[in-house]
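Asker: Dumping the structure here so I can ask a few things about it.
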Amino acid sequence: MRKTPLVPLSLAVAASVAGGALTGCSSKDPRSTGARQDAAVVQPQTGSVRPASRPKGLIPGVDVSAYQPKINWASVKARGNRFAYVKATEGVRYVSSTFTAQYAGSRKAGLDHGAYHYATPNTSSGKRQADYFLAHGGGGKADGHTLPGVLDIEDNPYGKNKCYGLGHAKMVAWISAFLTEYHARTGRRAVINTFKDWWIDCTGNSKAFSAKDRLWVNDHKATASRVPVPSAWSSYTIWQWTDKGAYGDEDYVKSAAVYRKLLAD
């Protein structure tokens with residue numbers, strides 16, 4: 001899910017005002033607003049181009065944002081995908097301008113769908129960001145086709161400190177506040193999307209969530225037989241296989257049984 005700046009953000013914002021390139025954001029510098037400029041970014045350096053063949057025996061899906069403004073959902077479905085996760089919010093000042101269309105379009109095509117929130121822990125509390133997410137599309141019920149919400153927490157794209165200036169204890173507390181609020185208001189357990197190295201470096205490899213909260217790990221070099229995860233978890237629930245897919249980032253749920261439980265919880 002991660003994207004990194006293409007050009008200095010102040011220049012990207014200026015270009016968006018002139019050409020309408022950026023979506024869903026004000027013209028203010030996102031580093032001061034907590035908003036994220038999806039269209040002014042490129043794929044992360046950790047990404048890799050995968051071969052045409054895809055892993056077998058897993059449940060395939062995609063995750064998308066305003067970075068993919070136009071998607072042929074019928075083609076996504078025809079490719080064998082079962083689900084789509086759509087970016088809804090970031091911080092407390094950004095709502096993706098493509099969320100409504102992508103969320104509805106994926107479902108209309110017959111895919112299960114869910115929403116995700118991109119965390120900016122240095123801009124507001126975890127509770128406040130959970131409430132913002134829920135107010136703007138993140139509160140889907142377990143109805144047989146809506147997946148639980150996702151907390152996407154990874155490298156800070158707006159500053160040099162990848163942990164947003166938070167120490168281990170404060171970062172764990174922030175994550176806990178978000179997940180607790182989400183569960184209290186929905187009855188569902190949000191999925192944590194992260195990178196293994198980020199989790200180790202920024203939470204101290206915390207084991208505070210592994211008993212209840214599922215892991216979505218991004219690893220673009222892993223194979224289906226070996227997906228490395230932080231040691232706090234015994235395994236992953238979702239794996240981002242590549243961020244250079246045909247219709248967005250390509251992801252896999254570990255098994256059909258895990259997928260049924262994810263939908264039901």
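Every chain in the structure tokens has a letter given in the order shown (A, B, ...), and although residue numbers restart at 1 in each chain, ligands are simply numbered from 1 in the order shown.
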Using only C-alpha atoms, what does the table of stretch 118-179 of chain A residues within 10 Å of stretch 184-191 of chain A look like, with each row giving the shortest atom pair and its distance in Å to one decimal, sorted by chain and ascending number, as CSV?
Answerer:
```
residue,atom,partner,partner_atom,distance
A:Ala130,CA,A:Arg185,CA,9.5
A:Asp131,CA,A:Arg185,CA,8.8
A:Leu134,CA,A:Arg185,CA,8.5
A:Gly138,CA,A:Thr186,CA,9.6
A:Gly139,CA,A:Thr186,CA,6.5
A:Gly140,CA,A:Thr186,CA,7.9
A:Lys141,CA,A:Thr186,CA,7.2
A:Ala142,CA,A:Arg188,CA,8.0
A:Leu147,CA,A:Ala190,CA,9.3
A:Pro148,CA,A:Ala190,CA,5.7
A:Gly149,CA,A:Ala190,CA,5.0
A:Val150,CA,A:Val191,CA,4.6
A:Leu151,CA,A:Val191,CA,6.1
A:Asp152,CA,A:Val191,CA,8.4
A:Phe178,CA,A:Ala190,CA,9.1
A:Leu179,CA,A:Ala190,CA,6.4
```
Asker: Save out the residues we just selected, all heavy atoms, as a short mmCIF file (atom, residue, chain, number, x, y, z; two decimals), in the first residue's frame.
Answerer:
```cif
data_model
loop_
_atom_site.label_atom_id
_atom_site.label_comp_id
_atom_site.auth_asym_id
_atom_site.auth_seq_id
_atom_site.Cartn_x
_atom_site.Cartn_y
_atom_site.Cartn_z
N ALA A 130 -9.27 6.58 14.06
CA ALA A 130 -10.24 5.49 13.90
C ALA A 130 -11.64 6.06 13.68
O ALA A 130 -12.39 5.58 12.82
CB ALA A 130 -10.21 4.58 15.12
N ASP A 131 -11.99 7.07 14.46
CA ASP A 131 -13.32 7.69 14.30
C ASP A 131 -13.47 8.33 12.92
O ASP A 131 -14.54 8.26 12.30
CB ASP A 131 -13.53 8.74 15.39
CG ASP A 131 -13.75 8.13 16.77
OD1 ASP A 131 -14.18 6.96 16.84
OD2 ASP A 131 -13.49 8.82 17.77
N LEU A 134 -14.01 5.58 10.40
CA LEU A 134 -15.37 5.06 10.49
C LEU A 134 -16.39 6.03 9.92
O LEU A 134 -17.42 5.61 9.36
CB LEU A 134 -15.70 4.75 11.95
CG LEU A 134 -14.94 3.55 12.54
CD1 LEU A 134 -15.09 3.51 14.05
CD2 LEU A 134 -15.43 2.25 11.92
N GLY A 138 -15.17 3.43 6.62
CA GLY A 138 -14.46 2.30 7.20
C GLY A 138 -15.26 1.41 8.13
O GLY A 138 -14.70 0.49 8.72
N GLY A 139 -16.55 1.63 8.23
CA GLY A 139 -17.34 0.91 9.23
C GLY A 139 -18.18 -0.23 8.72
O GLY A 139 -19.25 -0.50 9.25
N GLY A 140 -17.71 -0.94 7.71
CA GLY A 140 -18.51 -2.00 7.12
C GLY A 140 -18.82 -3.15 8.07
O GLY A 140 -17.97 -3.58 8.84
N LYS A 141 -20.04 -3.65 8.00
CA LYS A 141 -20.48 -4.75 8.84
C LYS A 141 -20.12 -6.10 8.22
O LYS A 141 -19.88 -6.21 7.02
CB LYS A 141 -22.00 -4.70 9.04
CG LYS A 141 -22.50 -3.38 9.64
CD LYS A 141 -22.00 -3.17 11.06
CE LYS A 141 -22.58 -1.90 11.66
NZ LYS A 141 -22.07 -1.65 13.03
N ALA A 142 -20.11 -7.14 9.06
CA ALA A 142 -19.85 -8.50 8.58
C ALA A 142 -21.11 -9.04 7.94
O ALA A 142 -21.94 -9.67 8.58
CB ALA A 142 -19.40 -9.38 9.74
N LEU A 147 -15.23 -7.00 4.07
CA LEU A 147 -14.09 -7.38 4.89
C LEU A 147 -13.86 -6.37 6.01
O LEU A 147 -14.26 -5.20 5.90
CB LEU A 147 -12.84 -7.45 4.00
CG LEU A 147 -12.87 -8.56 2.94
CD1 LEU A 147 -11.98 -8.20 1.76
CD2 LEU A 147 -12.44 -9.88 3.55
N PRO A 148 -13.21 -6.77 7.10
CA PRO A 148 -12.94 -5.82 8.19
C PRO A 148 -11.97 -4.74 7.74
O PRO A 148 -11.18 -4.93 6.81
CB PRO A 148 -12.32 -6.70 9.28
CG PRO A 148 -11.80 -7.90 8.56
CD PRO A 148 -12.72 -8.12 7.40
N GLY A 149 -12.04 -3.58 8.40
CA GLY A 149 -11.17 -2.47 8.06
C GLY A 149 -9.71 -2.78 8.32
O GLY A 149 -9.36 -3.70 9.06
N VAL A 150 -8.85 -1.97 7.69
CA VAL A 150 -7.40 -2.17 7.77
C VAL A 150 -6.73 -0.90 8.26
O VAL A 150 -7.04 0.21 7.79
CB VAL A 150 -6.82 -2.56 6.40
CG1 VAL A 150 -5.30 -2.56 6.44
CG2 VAL A 150 -7.34 -3.93 5.97
N LEU A 151 -5.81 -1.06 9.20
CA LEU A 151 -4.92 0.01 9.63
C LEU A 151 -3.60 -0.18 8.89
O LEU A 151 -2.85 -1.11 9.14
CB LEU A 151 -4.68 -0.05 11.14
CG LEU A 151 -3.62 0.91 11.68
CD1 LEU A 151 -4.02 2.37 11.46
CD2 LEU A 151 -3.35 0.64 13.16
N ASP A 152 -3.33 0.70 7.94
CA ASP A 152 -2.10 0.66 7.16
C ASP A 152 -1.08 1.56 7.85
O ASP A 152 -1.21 2.78 7.86
CB ASP A 152 -2.40 1.16 5.75
CG ASP A 152 -1.18 1.11 4.82
OD1 ASP A 152 -0.16 0.53 5.22
OD2 ASP A 152 -1.26 1.65 3.71
N PHE A 178 -6.18 3.07 18.25
CA PHE A 178 -6.92 2.94 16.99
C PHE A 178 -7.71 1.63 16.98
O PHE A 178 -8.92 1.62 16.71
CB PHE A 178 -5.96 2.99 15.81
CG PHE A 178 -6.64 2.94 14.47
CD1 PHE A 178 -6.84 4.09 13.73
CD2 PHE A 178 -7.09 1.73 13.93
CE1 PHE A 178 -7.46 4.05 12.49
CE2 PHE A 178 -7.73 1.68 12.70
CZ PHE A 178 -7.92 2.84 11.98
N LEU A 179 -7.04 0.53 17.25
CA LEU A 179 -7.69 -0.78 17.17
C LEU A 179 -8.79 -0.94 18.21
O LEU A 179 -9.83 -1.54 17.93
CB LEU A 179 -6.63 -1.88 17.35
CG LEU A 179 -5.53 -1.94 16.28
CD1 LEU A 179 -4.51 -3.00 16.66
CD2 LEU A 179 -6.12 -2.23 14.90
#
```
Asker: List as a VMD selection string the protein and nucleic acid residues near stretch 86-93 of chain A, meaning an atom at most 6 Å away when only C-alpha atoms are counted, but skip any in the same chain fewer than 5 places from it.
Answerer: chain A and resid 34 to 35 63 to 65 99 115 to 120 129 132 to 133
Asker: Would you mind exporting C-alpha atoms of the selected residues as a short mmCIF file (atom, residue, chain, number, x, y, z; two decimals), in the first residue's frame?
Answerer:
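Here's the written file again-v7.cif:
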```
data_model
loop_
_atom_site.label_atom_id
_atom_site.label_comp_id
_atom_site.auth_asym_id
_atom_site.auth_seq_id
_atom_site.Cartn_x
_atom_site.Cartn_y
_atom_site.Cartn_z
CA GLY A 34 -1.84 15.26 7.61
CA ALA A 35 -3.31 14.62 4.14
CA ASP A 63 -5.74 -2.99 -2.98
CA VAL A 64 -6.24 0.38 -4.64
CA SER A 65 -6.32 4.10 -3.95
CA PHE A 99 -13.16 5.77 -2.56
CA ALA A 115 -11.67 -0.18 3.34
CA TYR A 116 -8.28 0.87 4.69
CA HIS A 117 -6.90 3.84 6.58
CA TYR A 118 -3.36 5.16 6.14
CA ALA A 119 -2.05 6.10 9.57
CA THR A 120 -0.13 9.29 10.36
CA GLN A 129 -8.11 8.60 13.33
CA TYR A 132 -12.44 9.57 11.12
CA PHE A 133 -12.02 6.31 9.24
#
```
Asker: If you run DSSP on this backbone, which residues of stretch 36-137 of chain A come out as strand (DSSP E or B), and could you give them as a list in words?
Answerer: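 Strand (DSSP E or B) assignments inside stretch 36-137 of chain A correspond to Val41, Val42, Ile59, Pro60, Gly61, Val62, Asp63, Val64, Phe83, Ala84, Tyr85, Val86, Lys87, Ala88, Thr89, Glu90, Tyr94, Val95, Asp112, His113, Gly114, Ala115, Tyr116, His117 and Tyr118 of chain A.
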Asker: I need the residue nearest A:Ala109 from this list: A:Phe83, A:Tyr252, A:Tyr94, A:Trp73. Use only C-alpha atoms for the distance.
Answerer: A:Trp73
Asker: Tell me, in Å to one decimal, how far atom CA of A:Thr223 is from atom CA of A:Asp249.
Answerer: 16.0 Å
Asker: With 9 Å as the cut-off and only C-alpha atoms counted, what is the closest atom pair between each nearby residue of stretch 172-245 of chain A and stretch 162-167 of chain A? Distances in Å to one decimal, ordered by chain and number, as a Markdown table.
Answerer:
```
| residue | atom | partner | partner_atom | distance |
| --- | --- | --- | --- | --- |
| A:Val172 | CA | A:Gly167 | CA | 8.6 |
| A:Trp198 | CA | A:Cys163 | CA | 7.9 |
| A:Asp201 | CA | A:Cys163 | CA | 7.9 |
| A:Cys202 | CA | A:Cys163 | CA | 5.4 |
| A:Thr203 | CA | A:Gly167 | CA | 7.5 |
| A:Gly204 | CA | A:Gly167 | CA | 8.8 |
```
Asker: Residues of the last selection are to be written out with all heavy atoms, as a short mmCIF file (atom, residue, chain, number, x, y, z; two decimals), in the first residue's frame.
Answerer:
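The new file selection-v7.cif reads:
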```cif
data_model
loop_
_atom_site.label_atom_id
_atom_site.label_comp_id
_atom_site.auth_asym_id
_atom_site.auth_seq_id
_atom_site.Cartn_x
_atom_site.Cartn_y
_atom_site.Cartn_z
N VAL A 172 3.14 1.83 20.11
CA VAL A 172 2.25 0.73 20.49
C VAL A 172 0.96 1.27 21.09
O VAL A 172 -0.14 0.77 20.81
CB VAL A 172 2.96 -0.22 21.48
CG1 VAL A 172 1.98 -1.22 22.07
CG2 VAL A 172 4.10 -0.95 20.77
N TRP A 198 9.64 -2.44 9.48
CA TRP A 198 9.03 -1.29 10.16
C TRP A 198 8.51 -1.70 11.52
O TRP A 198 8.70 -1.00 12.52
CB TRP A 198 7.89 -0.69 9.32
CG TRP A 198 7.37 0.58 9.92
CD1 TRP A 198 7.76 1.85 9.62
CD2 TRP A 198 6.37 0.70 10.94
NE1 TRP A 198 7.08 2.77 10.39
CE2 TRP A 198 6.22 2.08 11.22
CE3 TRP A 198 5.60 -0.21 11.65
CZ2 TRP A 198 5.32 2.56 12.17
CZ3 TRP A 198 4.70 0.27 12.62
CH2 TRP A 198 4.56 1.64 12.87
N ASP A 201 11.41 -2.12 13.93
CA ASP A 201 12.09 -0.87 14.24
C ASP A 201 11.21 0.11 15.01
O ASP A 201 11.71 0.83 15.88
CB ASP A 201 12.56 -0.19 12.95
CG ASP A 201 13.67 -0.95 12.25
OD1 ASP A 201 14.29 -1.83 12.89
OD2 ASP A 201 13.91 -0.68 11.06
N CYS A 202 9.93 0.15 14.71
CA CYS A 202 9.07 1.21 15.26
C CYS A 202 8.18 0.78 16.41
O CYS A 202 7.66 1.63 17.13
CB CYS A 202 8.22 1.82 14.14
SG CYS A 202 9.22 2.62 12.85
N THR A 203 8.00 -0.52 16.61
CA THR A 203 7.23 -0.99 17.78
C THR A 203 8.08 -1.85 18.71
O THR A 203 7.59 -2.30 19.74
CB THR A 203 6.01 -1.82 17.36
OG1 THR A 203 6.43 -3.13 16.92
CG2 THR A 203 5.20 -1.14 16.28
N GLY A 204 9.35 -2.08 18.33
CA GLY A 204 10.17 -2.98 19.12
C GLY A 204 9.74 -4.42 18.97
O GLY A 204 9.94 -5.24 19.87
#
```
Asker: What is the atom CA of A:Asn193 to atom CA of A:Lys160 distance in Å?
Answerer: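 Calculated distance between atom CA of A:Asn193 and atom CA of A:Lys160 is 20.8 Å.
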Asker: Could you give me, as a PDB file with N, CA, C and O atoms, in the first residue's frame, the residues within 7 Å of A:Ile59, counting only C-alpha atoms and dropping anything in the same chain fewer than 5 positions from it?
Answerer:
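Saved result, result.pdb, follows:
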```
ATOM      1  N   ARG A  82     -10.782 -12.198  -5.830  1.00  0.00           N
ATOM      2  CA  ARG A  82     -11.967 -12.383  -4.996  1.00  0.00           C
ATOM      3  C   ARG A  82     -12.328 -11.135  -4.194  1.00  0.00           C
ATOM      4  O   ARG A  82     -13.482 -10.989  -3.780  1.00  0.00           O
ATOM      5  N   TYR A 252      -2.776 -11.573  -1.422  1.00  0.00           N
ATOM      6  CA  TYR A 252      -3.283 -12.926  -1.266  1.00  0.00           C
ATOM      7  C   TYR A 252      -3.650 -13.199   0.186  1.00  0.00           C
ATOM      8  O   TYR A 252      -2.858 -12.900   1.085  1.00  0.00           O
ATOM      9  N   VAL A 253      -4.832 -13.760   0.397  1.00  0.00           N
ATOM     10  CA  VAL A 253      -5.194 -14.303   1.702  1.00  0.00           C
ATOM     11  C   VAL A 253      -4.661 -15.726   1.753  1.00  0.00           C
ATOM     12  O   VAL A 253      -4.667 -16.456   0.747  1.00  0.00           O
ATOM     13  N   LYS A 254      -4.193 -16.142   2.927  1.00  0.00           N
ATOM     14  CA  LYS A 254      -3.405 -17.374   3.051  1.00  0.00           C
ATOM     15  C   LYS A 254      -4.124 -18.632   2.582  1.00  0.00           C
ATOM     16  O   LYS A 254      -3.513 -19.524   1.992  1.00  0.00           O
ATOM     17  N   SER A 255      -5.427 -18.732   2.855  1.00  0.00           N
ATOM     18  CA  SER A 255      -6.158 -19.941   2.465  1.00  0.00           C
ATOM     19  C   SER A 255      -7.645 -19.642   2.411  1.00  0.00           C
ATOM     20  O   SER A 255      -8.112 -18.605   2.898  1.00  0.00           O
ATOM     21  N   ALA A 256      -8.401 -20.575   1.840  1.00  0.00           N
ATOM     22  CA  ALA A 256      -9.850 -20.407   1.770  1.00  0.00           C
ATOM     23  C   ALA A 256     -10.465 -20.373   3.167  1.00  0.00           C
ATOM     24  O   ALA A 256     -11.396 -19.601   3.433  1.00  0.00           O
TER      25      ALA A 256
END
```
Asker: DSSP on the backbone: which residues in stretch 47-260 of chain A end up as helix (DSSP H, G or I)? Give the answer as a PyMOL selection string.
Answerer: chain A and resi 73-78+99-108+126-135+168-186+196-203+256-260
Asker: So, counting only C-alpha atoms, which residue among A:Asn122, A:Ser96, A:Thr180, A:Thr146 is closest to A:Tyr158?
Answerer: A:Asn122
Asker: For stretch 230-240 of chain A, please output as a count of residues only all residues within 9 Å (counting only C-alpha atoms; exclusion window: fewer than 5 positions along the same chain).
Answerer: 35
Asker: Would you please work out which residue, of A:Val76, A:Gly137, A:Lys127, A:Arg260, is nearest to A:Tyr247 when using only C-alpha atoms?
Answerer: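 Going through A:Val76, A:Gly137, A:Lys127, A:Arg260 one by one, the smallest distance to A:Tyr247 is for A:Val76.
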Asker: Please indicate the distance in Å from atom CA of A:Lys221 to atom CA of A:Ser75, rounded to one decimal place.
Answerer: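 Atom CA of A:Ser75 lies at a distance of 25.7 Å from atom CA of A:Lys221.
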